[in-house]
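Have a look at upload_16.pdb below; it lists PDB, C-alpha atoms and all ligand atoms.
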```pdb
ATOM      1  CA  MET N 215       4.005  -8.685  11.263
ATOM      2  CA  SER N 216       0.742  -9.532  12.964
ATOM      3  CA  GLU N 217      -2.029 -11.090  10.950
ATOM      4  CA  HIS N 218      -3.923  -7.888  11.675
ATOM      5  CA  VAL N 219      -1.815  -6.267   8.912
ATOM      6  CA  THR N 220      -1.730  -7.514   5.327
ATOM      7  CA  VAL N 221       1.016  -6.207   3.035
ATOM      8  CA  VAL N 222      -0.098  -6.795  -0.536
ATOM      9  CA  ASP N 223       3.236  -7.717  -2.072
ATOM     10  CA  HIS N 224       2.012  -8.736  -5.520
ATOM     11  CA  PRO N 225       4.599  -7.751  -8.176
ATOM     12  CA  LEU N 226       2.090  -5.613 -10.059
ATOM     13  CA  VAL N 227       1.321  -3.632  -6.918
ATOM     14  CA  GLN N 228       4.980  -3.186  -6.068
ATOM     15  CA  HIS N 229       5.889  -2.142  -9.618
ATOM     16  CA  LYS N 230       3.120   0.440  -9.824
ATOM     17  CA  LEU N 231       3.928   1.736  -6.362
ATOM     18  CA  THR N 232       7.544   2.336  -7.395
ATOM     19  CA  GLN N 233       6.316   4.385 -10.355
ATOM     20  CA  MET N 234       4.133   6.425  -8.018
ATOM     21  CA  ARG N 235       7.053   7.133  -5.701
ATOM     22  CA  VAL N 236       9.187   8.605  -8.507
ATOM     23  CA  LYS N 237       9.101  12.357  -7.978
ATOM     24  CA  ASP N 238       8.764  13.206 -11.670
ATOM     25  CA  THR N 239       5.748  10.974 -12.305
ATOM     26  CA  PRO N 240       3.129  13.365 -13.732
ATOM     27  CA  THR N 241      -0.204  13.940 -12.005
ATOM     28  CA  ALA N 242      -2.242  12.081 -14.618
ATOM     29  CA  ASP N 243      -0.004   9.013 -14.383
ATOM     30  CA  PHE N 244      -0.005   9.173 -10.581
ATOM     31  CA  ARG N 245      -3.805   9.186 -10.530
ATOM     32  CA  ARG N 246      -4.046   6.335 -13.027
ATOM     33  CA  LEU N 247      -1.534   4.245 -11.095
ATOM     34  CA  LEU N 248      -3.388   4.822  -7.833
ATOM     35  CA  ARG N 249      -6.614   3.710  -9.438
ATOM     36  CA  GLU N 250      -4.963   0.590 -10.851
ATOM     37  CA  ILE N 251      -3.339  -0.290  -7.513
ATOM     38  CA  ALA N 252      -6.695   0.279  -5.810
ATOM     39  CA  HIS N 253      -8.148  -2.498  -7.976
ATOM     40  CA  LEU N 254      -5.466  -4.891  -6.833
ATOM     41  CA  LEU N 255      -5.709  -3.891  -3.169
ATOM     42  CA  ALA N 256      -9.493  -4.118  -3.254
ATOM     43  CA  TYR N 257      -9.213  -7.662  -4.554
ATOM     44  CA  GLU N 258      -7.224  -8.552  -1.441
ATOM     45  CA  VAL N 259      -9.417  -6.626   1.040
ATOM     46  CA  MET N 260     -12.512  -8.403  -0.255
ATOM     47  CA  ARG N 261     -10.967 -11.847  -0.393
ATOM     48  CA  ASP N 262     -13.065 -13.159   2.501
ATOM     49  CA  LEU N 263     -16.446 -11.735   1.480
ATOM     50  CA  PRO N 264     -19.029 -14.440   2.082
ATOM     51  CA  LEU N 265     -20.707 -16.018  -0.919
ATOM     52  CA  GLU N 266     -24.169 -17.489  -1.306
ATOM     53  CA  GLN N 267     -25.519 -19.748  -4.002
ATOM     54  CA  THR N 268     -28.096 -18.456  -6.446
ATOM     55  CA  ARG N 269     -29.979 -20.052  -9.310
ATOM     56  CA  ILE N 270     -29.289 -18.571 -12.751
ATOM     57  CA  GLU N 271     -29.746 -19.581 -16.345
ATOM     58  CA  THR N 272     -26.809 -19.489 -18.712
ATOM     59  CA  PRO N 273     -27.589 -19.486 -22.454
ATOM     60  CA  MET N 274     -26.945 -23.240 -22.233
ATOM     61  CA  GLU N 275     -28.774 -24.403 -19.071
ATOM     62  CA  PRO N 276     -29.775 -23.511 -15.510
ATOM     63  CA  MET N 277     -27.104 -23.737 -12.814
ATOM     64  CA  THR N 278     -26.377 -22.822  -9.211
ATOM     65  CA  ALA N 279     -23.644 -20.172  -9.015
ATOM     66  CA  PRO N 280     -22.023 -18.086  -6.257
ATOM     67  CA  GLN N 281     -22.707 -14.425  -5.633
ATOM     68  CA  ILE N 282     -21.628 -12.072  -2.835
ATOM     69  CA  GLU N 283     -23.967 -12.466   0.091
ATOM     70  CA  GLY N 284     -25.611  -9.878   2.277
ATOM     71  CA  LYS N 285     -26.041  -6.155   2.215
ATOM     72  CA  LYS N 286     -23.985  -3.889   0.021
ATOM     73  CA  LEU N 287     -20.596  -2.708   1.201
ATOM     74  CA  VAL N 288     -19.884   0.773   2.439
ATOM     75  CA  LEU N 289     -16.720   2.520   1.297
ATOM     76  CA  VAL N 290     -15.666   5.538   3.327
ATOM     77  CA  SER N 291     -13.127   7.933   1.896
ATOM     78  CA  ILE N 292     -11.056  10.079   4.212
ATOM     79  CA  LEU N 293     -10.969  13.364   2.302
ATOM     80  CA  ARG N 294      -9.341  14.353   0.164
ATOM     81  CA  ALA N 295      -6.683  11.834  -0.809
ATOM     82  CA  GLY N 296      -8.997   8.926   0.023
ATOM     83  CA  ASN N 297     -10.978   9.746  -3.115
ATOM     84  CA  GLY N 298      -8.179   8.454  -5.331
ATOM     85  CA  LEU N 299      -8.332   5.014  -3.738
ATOM     86  CA  LEU N 300     -12.119   5.174  -3.576
ATOM     87  CA  ASP N 301     -12.474   5.533  -7.347
ATOM     88  CA  GLY N 302     -10.473   2.377  -7.965
ATOM     89  CA  VAL N 303     -12.305   0.324  -5.355
ATOM     90  CA  LEU N 304     -15.643   1.533  -6.748
ATOM     91  CA  ASP N 305     -14.642   0.235 -10.171
ATOM     92  CA  LEU N 306     -14.788  -3.261  -8.672
ATOM     93  CA  VAL N 307     -17.889  -2.795  -6.511
ATOM     94  CA  PRO N 308     -19.902  -0.078  -8.275
ATOM     95  CA  GLN N 309     -23.003  -0.915  -6.244
ATOM     96  CA  ALA N 310     -21.305  -0.051  -2.935
ATOM     97  CA  ARG N 311     -22.598   2.754  -0.735
ATOM     98  CA  VAL N 312     -20.144   5.600  -0.226
ATOM     99  CA  GLY N 313     -19.446   7.786   2.773
ATOM    100  CA  HIS N 314     -17.003  10.658   3.242
ATOM    101  CA  ILE N 315     -15.247  11.954   6.283
ATOM    102  CA  GLY N 316     -13.255  15.162   6.263
ATOM    103  CA  LEU N 317     -10.431  15.531   8.735
ATOM    104  CA  TYR N 318      -7.554  17.930   8.502
ATOM    105  CA  ARG N 319      -4.283  17.627  10.332
ATOM    106  CA  ASP N 320      -3.555  20.537  12.591
ATOM    107  CA  PRO N 321      -0.086  21.461  11.285
ATOM    108  CA  GLU N 322       1.227  22.210  14.791
ATOM    109  CA  THR N 323      -0.153  19.320  16.812
ATOM    110  CA  LEU N 324      -0.797  16.851  13.920
ATOM    111  CA  VAL N 325      -4.103  16.096  15.679
ATOM    112  CA  ALA N 326      -7.108  15.295  13.418
ATOM    113  CA  VAL N 327      -9.953  17.832  13.370
ATOM    114  CA  GLU N 328     -13.284  16.751  11.799
ATOM    115  CA  TYR N 329     -15.000  19.143   9.385
ATOM    116  CA  TYR N 330     -17.335  16.838   7.431
ATOM    117  CA  LEU N 331     -19.135  13.539   7.903
ATOM    118  CA  LYS N 332     -21.731  11.940   5.655
ATOM    119  CA  VAL N 333     -22.264   8.203   5.699
ATOM    120  CA  PRO N 334     -25.167   5.891   4.790
ATOM    121  CA  SER N 335     -27.641   5.663   7.668
ATOM    122  CA  ASP N 336     -27.661   1.883   8.005
ATOM    123  CA  ILE N 337     -24.008   0.973   8.314
ATOM    124  CA  GLU N 338     -24.453  -1.363  11.304
ATOM    125  CA  ASP N 339     -24.885  -4.525   9.266
ATOM    126  CA  ARG N 340     -22.473  -3.718   6.488
ATOM    127  CA  LEU N 341     -18.781  -4.203   5.947
ATOM    128  CA  VAL N 342     -17.245  -0.723   6.006
ATOM    129  CA  ILE N 343     -13.950  -0.273   4.139
ATOM    130  CA  VAL N 344     -12.221   2.965   5.069
ATOM    131  CA  VAL N 345      -9.760   4.240   2.462
ATOM    132  CA  ASP N 346      -6.892   6.702   2.761
ATOM    133  CA  PRO N 347      -3.657   6.286   0.793
ATOM    134  CA  MET N 348      -1.249   7.362   3.549
ATOM    135  CA  LEU N 349      -1.280   5.858   7.038
ATOM    136  CA  ALA N 350       1.232   8.221   8.628
ATOM    137  CA  THR N 351       0.656   9.239  12.266
ATOM    138  CA  ALA N 352      -2.712   7.424  12.105
ATOM    139  CA  ASN N 353      -4.338  10.379  13.858
ATOM    140  CA  SER N 354      -6.848  10.904  11.030
ATOM    141  CA  ALA N 355      -7.414   7.205  10.456
ATOM    142  CA  SER N 356      -7.969   6.518  14.123
ATOM    143  CA  ALA N 357     -10.306   9.505  14.526
ATOM    144  CA  ALA N 358     -12.246   8.385  11.433
ATOM    145  CA  LEU N 359     -12.645   4.839  12.753
ATOM    146  CA  THR N 360     -13.751   6.171  16.159
ATOM    147  CA  ARG N 361     -16.409   8.395  14.528
ATOM    148  CA  LEU N 362     -17.628   5.589  12.287
ATOM    149  CA  LYS N 363     -17.996   3.326  15.307
ATOM    150  CA  GLU N 364     -19.917   6.109  17.071
ATOM    151  CA  VAL N 365     -22.411   6.220  14.196
ATOM    152  CA  GLY N 366     -22.838   2.456  14.259
ATOM    153  CA  ALA N 367     -20.134   0.763  12.186
ATOM    154  CA  ARG N 368     -19.149  -2.578  13.679
ATOM    155  CA  ASN N 369     -17.338  -4.377  10.897
ATOM    156  CA  LEU N 370     -14.499  -2.246   9.576
ATOM    157  CA  LYS N 371     -11.370  -2.651   7.465
ATOM    158  CA  PHE N 372      -8.757  -0.029   6.721
ATOM    159  CA  LEU N 373      -7.160   0.199   3.284
ATOM    160  CA  CYS N 374      -4.134   2.341   2.493
ATOM    161  CA  LEU N 375      -1.328   2.473  -0.032
ATOM    162  CA  LEU N 376       1.623   3.266   2.234
ATOM    163  CA  ALA N 377       1.985   2.952   5.980
ATOM    164  CA  ALA N 378       4.570   4.096   8.486
ATOM    165  CA  PRO N 379       5.411   1.616  11.260
ATOM    166  CA  GLU N 380       4.316   4.263  13.770
ATOM    167  CA  GLY N 381       0.903   4.537  12.090
ATOM    168  CA  ILE N 382       0.423   0.778  12.058
ATOM    169  CA  GLU N 383       1.328   0.606  15.720
ATOM    170  CA  THR N 384      -1.067   3.385  16.724
ATOM    171  CA  LEU N 385      -3.984   2.141  14.647
ATOM    172  CA  SER N 386      -3.509  -1.453  15.817
ATOM    173  CA  ARG N 387      -3.419  -0.325  19.434
ATOM    174  CA  GLU N 388      -6.436   2.007  19.189
ATOM    175  CA  HIS N 389      -8.512  -0.192  16.872
ATOM    176  CA  PRO N 390      -7.310  -3.780  17.281
ATOM    177  CA  ASP N 391     -10.554  -5.014  15.700
ATOM    178  CA  VAL N 392      -9.816  -3.301  12.356
ATOM    179  CA  PRO N 393      -7.553  -5.185   9.930
ATOM    180  CA  ILE N 394      -5.164  -3.039   7.908
ATOM    181  CA  PHE N 395      -4.293  -3.592   4.242
ATOM    182  CA  THR N 396      -1.377  -1.766   2.638
ATOM    183  CA  ALA N 397       1.003  -2.069  -0.312
ATOM    184  CA  SER N 398       4.062  -1.157   1.781
ATOM    185  CA  ILE N 399       5.281  -0.422   5.266
ATOM    186  CA  ASP N 400       7.951   2.233   4.823
ATOM    187  CA  ASP N 401      10.865   3.095   7.131
ATOM    188  CA  ARG N 402       9.583   5.821   9.392
ATOM    189  CA  LEU N 403       7.746   9.089   9.935
ATOM    190  CA  ASP N 404       9.668  12.338   9.777
ATOM    191  CA  ASP N 405       9.234  15.294  12.135
ATOM    192  CA  HIS N 406       6.498  16.764   9.918
ATOM    193  CA  GLY N 407       4.427  13.586   9.941
ATOM    194  CA  TYR N 408       5.464  12.545   6.426
ATOM    195  CA  ILE N 409       6.195   8.944   5.531
ATOM    196  CA  ARG N 410       9.841   8.285   4.535
ATOM    197  CA  PRO N 411      10.857   7.410   1.918
ATOM    198  CA  GLY N 412       7.182   7.645   0.962
ATOM    199  CA  LEU N 413       5.894   9.472  -2.090
ATOM    200  CA  GLY N 414       5.324  12.977  -0.760
ATOM    201  CA  ASP N 415       1.873  14.485  -0.273
ATOM    202  CA  ALA N 416      -0.556  12.054  -1.871
ATOM    203  CA  GLY N 417      -3.346  14.633  -2.213
ATOM    204  CA  ASP N 418      -1.082  17.172  -3.888
ATOM    205  CA  ARG N 419       0.366  14.598  -6.244
ATOM    206  CA  MET N 420      -3.065  13.263  -7.142
ATOM    207  CA  PHE N 421      -4.671  16.634  -7.749
ATOM    208  CA  GLY N 422      -1.666  18.615  -8.994
ATOM    209  CA  THR N 423      -1.868  21.129  -6.160
ATOM    210  CA  ARG N 424       1.817  21.077  -5.241
TER     211      ARG N 424
HETATM  212  N1  LIG N 501       0.075  12.326   4.033
HETATM  213  C1  LIG N 501       0.696  12.345   2.830
HETATM  214  O1  LIG N 501       0.103  12.706   1.825
HETATM  215  N2  LIG N 501       1.974  11.952   2.761
HETATM  216  C2  LIG N 501       2.665  11.538   3.840
HETATM  217  O2  LIG N 501       3.825  11.174   3.712
HETATM  218  C3  LIG N 501       1.998  11.534   5.088
HETATM  219  C4  LIG N 501       0.710  11.923   5.148
END
```

I need this file expressed as structure tokens, please.
Amino acid sequence: MSEHVTVVDHPLVQHKLTQMRVKDTPTADFRRLLREIAHLLAYEVMRDLPLEQTRIETPMEPMTAPQIEGKKLVLVSILRAGNGLLDGVLDLVPQARVGHIGLYRDPETLVAVEYYLKVPSDIEDRLVIVVDPMLATANSASAALTRLKEVGARNLKFLCLLAAPEGIETLSREHPDVPIFTASIDDRLDDHGYIRPGLGDAGDRMFGTR
């Protein structure tokens, strides 16, 4: 696997992911698990954030200590399932700016159609982390990254929970500058664009809309 793709294989991530895959896992547990995994994935996505030294005073004495440098991050959720990952990542970086992009998959062609876009105006100088739990065909992810680049994003990362090899291939080809982080690369896509073995429809499972 290229260094462009990071599979977060920490035992906690893998254990929680298995629980999410189980078809009888209730909605509330599914949502909680996604949020918990998002914490662990976010930790990995942000591993190389630059630090700067700042002067502080502890109750004992002054010291120089590291803090994250530069402008605040931007998190962009691909609606609607992206919101589940977003909540967990925001727990770790509550000061981040948040954008949303709405894309639905045309059920016939599987092509992504945009219906909503709202992102912070000054995303040029910020790290933009795009979140969507399922990287399946990569049509939505690729369209989202293209739009974000059009509105100025230059430093992007893509964070998902599960990926299909086909999705990784497409996204890497169309956006070779965007590193991908995932908890698993599953076997394949089926004819309906679902990841196999996967976990089903992430949005439905998260929101109980099955
Ligand atoms: N979106 C989902 O929610 N699940 C899949 O398997 C593929 C895309």

Return as a Markdown table the residues of chain N lying at most 8 Å from ligand LIG 501 (chain N), together with the closest atom-to-atom pair for each and the distance in Å to one decimal, counting all atoms listed in the file, with rows in chain order and ascending residue number.
```
| residue | atom | partner | partner_atom | distance |
| --- | --- | --- | --- | --- |
| N:Ala295 | CA | N:LIG501 | O1 | 7.3 |
| N:Pro347 | CA | N:LIG501 | O1 | 7.5 |
| N:Met348 | CA | N:LIG501 | N1 | 5.2 |
| N:Leu349 | CA | N:LIG501 | C4 | 6.7 |
| N:Ala350 | CA | N:LIG501 | C3 | 4.9 |
| N:Thr351 | CA | N:LIG501 | C4 | 7.6 |
| N:Leu403 | CA | N:LIG501 | O2 | 7.6 |
| N:Gly407 | CA | N:LIG501 | C3 | 5.8 |
| N:Tyr408 | CA | N:LIG501 | O2 | 3.5 |
| N:Ile409 | CA | N:LIG501 | O2 | 3.7 |
| N:Arg410 | CA | N:LIG501 | O2 | 6.7 |
| N:Gly412 | CA | N:LIG501 | O2 | 5.6 |
| N:Leu413 | CA | N:LIG501 | O2 | 6.4 |
| N:Gly414 | CA | N:LIG501 | N2 | 5.0 |
| N:Asp415 | CA | N:LIG501 | O1 | 3.3 |
| N:Ala416 | CA | N:LIG501 | O1 | 3.8 |
| N:Gly417 | CA | N:LIG501 | O1 | 5.6 |
| N:Asp418 | CA | N:LIG501 | O1 | 7.3 |
```

Residues of region 247-361 of chain N that have any atom at most 12 Å from an atom of region 376-387 of chain N: could you tabulate them with the shortest-distance atom pair and the distance in Å to one decimal, using all atoms listed in the file, ordered by chain and increasing number, as a Markdown table?
```
| residue | atom | partner | partner_atom | distance |
| --- | --- | --- | --- | --- |
| N:Leu248 | CA | N:Leu376 | CA | 11.4 |
| N:Ile251 | CA | N:Leu376 | CA | 11.5 |
| N:Ala252 | CA | N:Leu376 | CA | 12.0 |
| N:Leu255 | CA | N:Leu376 | CA | 11.6 |
| N:Leu299 | CA | N:Leu376 | CA | 11.7 |
| N:Val345 | CA | N:Leu376 | CA | 11.4 |
| N:Asp346 | CA | N:Leu376 | CA | 9.2 |
| N:Pro347 | CA | N:Leu376 | CA | 6.3 |
| N:Met348 | CA | N:Leu376 | CA | 5.2 |
| N:Leu349 | CA | N:Ala377 | CA | 4.5 |
| N:Ala350 | CA | N:Gly381 | CA | 5.1 |
| N:Thr351 | CA | N:Gly381 | CA | 4.7 |
| N:Ala352 | CA | N:Gly381 | CA | 4.6 |
| N:Asn353 | CA | N:Gly381 | CA | 8.0 |
| N:Ser354 | CA | N:Leu385 | CA | 9.9 |
| N:Ala355 | CA | N:Leu385 | CA | 7.4 |
| N:Ser356 | CA | N:Leu385 | CA | 5.9 |
| N:Ala357 | CA | N:Leu385 | CA | 9.7 |
| N:Ala358 | CA | N:Leu385 | CA | 10.8 |
| N:Leu359 | CA | N:Leu385 | CA | 9.3 |
| N:Thr360 | CA | N:Leu385 | CA | 10.7 |
```

Practice problem: Do a neighbour search on Glu283 (chain N) at 6 Å with all atoms listed in the file, toss out local chain neighbours closer than 6 positions, and write the hits as a list in words. | Solution: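 Once the nearby chain positions are removed, what remains is Pro264, Leu265 and Glu266 of chain N.
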
Practice problem: Record the distance separating CA of Leu254 (chain N) and CA of Ser398 (chain N), expressed in Å with one decimal. | Solution: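 Taking CA of Leu254 (chain N) as the start and CA of Ser398 (chain N) as the end point, the length is 13.4 Å.
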
Quiz item: If you measure from CA of Gln309 (chain N) to CA of Arg249 (chain N), what distance in Å do you get, rounded to one decimal?
Solution: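 One can read the CA of Gln309 (chain N) to CA of Arg249 (chain N) distance as 17.3 Å.
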
Self-check item: Asn369 (chain N) surroundings by only C-alpha atoms, 8 Å radius, close-in-sequence under 6 positions cut, as a PyMOL selection string
Solution: chain N and resi 338-342+392

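In terms of minimum interatomic distance to Leu331 (chain N), N:Val365 ranks closest within N:Arg246, N:Val365, N:Gly298, N:Arg319, counting only C-alpha atoms.
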
Quiz item: So what do you get for CA of Glu388 (chain N) versus CA of Gly302 (chain N), distance-wise?
Solution: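 About the pair CA of Glu388 (chain N) and CA of Gly302 (chain N): they are 27.5 Å apart.
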
Quiz item: Once the PyMOL selection byres (((chain N and resi 221) around 12) and not hetatm) has been applied to the shown file, what residues remain in the selection, as a VMD selection string?
Solution: chain N and resid 215 to 220 222 to 225 227 to 228 254 to 255 258 to 259 373 to 377 382 393 to 400

Quiz item: Which residues, written as an MDAnalysis selection string, have at least one atom at most 7 Å from Leu317 (chain N), with all atoms listed in the file counted and residues fewer than 4 positions away on the same chain left out?
Solution: chainID N and resid 293 326:329 354

Kindly export the residues of the current selection with C-alpha atoms, as a compact mmCIF listing (two decimals), in the coordinates of the input.
```
# COMPACT_ATOMS: atom_id res chain seq x y z
CA LEU N 293 -10.97 13.36 2.30
CA ALA N 326 -7.11 15.30 13.42
CA VAL N 327 -9.95 17.83 13.37
CA GLU N 328 -13.28 16.75 11.80
CA TYR N 329 -15.00 19.14 9.38
CA SER N 354 -6.85 10.90 11.03
```

Practice problem: Would you mind listing what lies within 7 Å of Met234 (chain N) as a PyMOL selection string, with all atoms listed in the file counted and same-chain residues fewer than 3 positions away left out? | Solution: chain N and resi 230-231+239+244+247+413

Determine, counting all atoms listed in the file, which protein, DNA and RNA residues have an atom within 12 Å of an atom of Val307 (chain N); residues of the same chain fewer than 4 positions away are not included. Present the result as a compact mmCIF listing (two decimals) with C-alpha atoms, in the coordinates of the input.
```
# COMPACT_ATOMS: atom_id res chain seq x y z
CA ALA N 252 -6.70 0.28 -5.81
CA HIS N 253 -8.15 -2.50 -7.98
CA ALA N 256 -9.49 -4.12 -3.25
CA TYR N 257 -9.21 -7.66 -4.55
CA VAL N 259 -9.42 -6.63 1.04
CA MET N 260 -12.51 -8.40 -0.26
CA ILE N 282 -21.63 -12.07 -2.84
CA LYS N 286 -23.98 -3.89 0.02
CA LEU N 287 -20.60 -2.71 1.20
CA VAL N 288 -19.88 0.77 2.44
CA LEU N 289 -16.72 2.52 1.30
CA LEU N 300 -12.12 5.17 -3.58
CA ASP N 301 -12.47 5.53 -7.35
CA GLY N 302 -10.47 2.38 -7.96
CA VAL N 303 -12.30 0.32 -5.36
CA ARG N 311 -22.60 2.75 -0.74
CA VAL N 312 -20.14 5.60 -0.23
CA ILE N 343 -13.95 -0.27 4.14
```
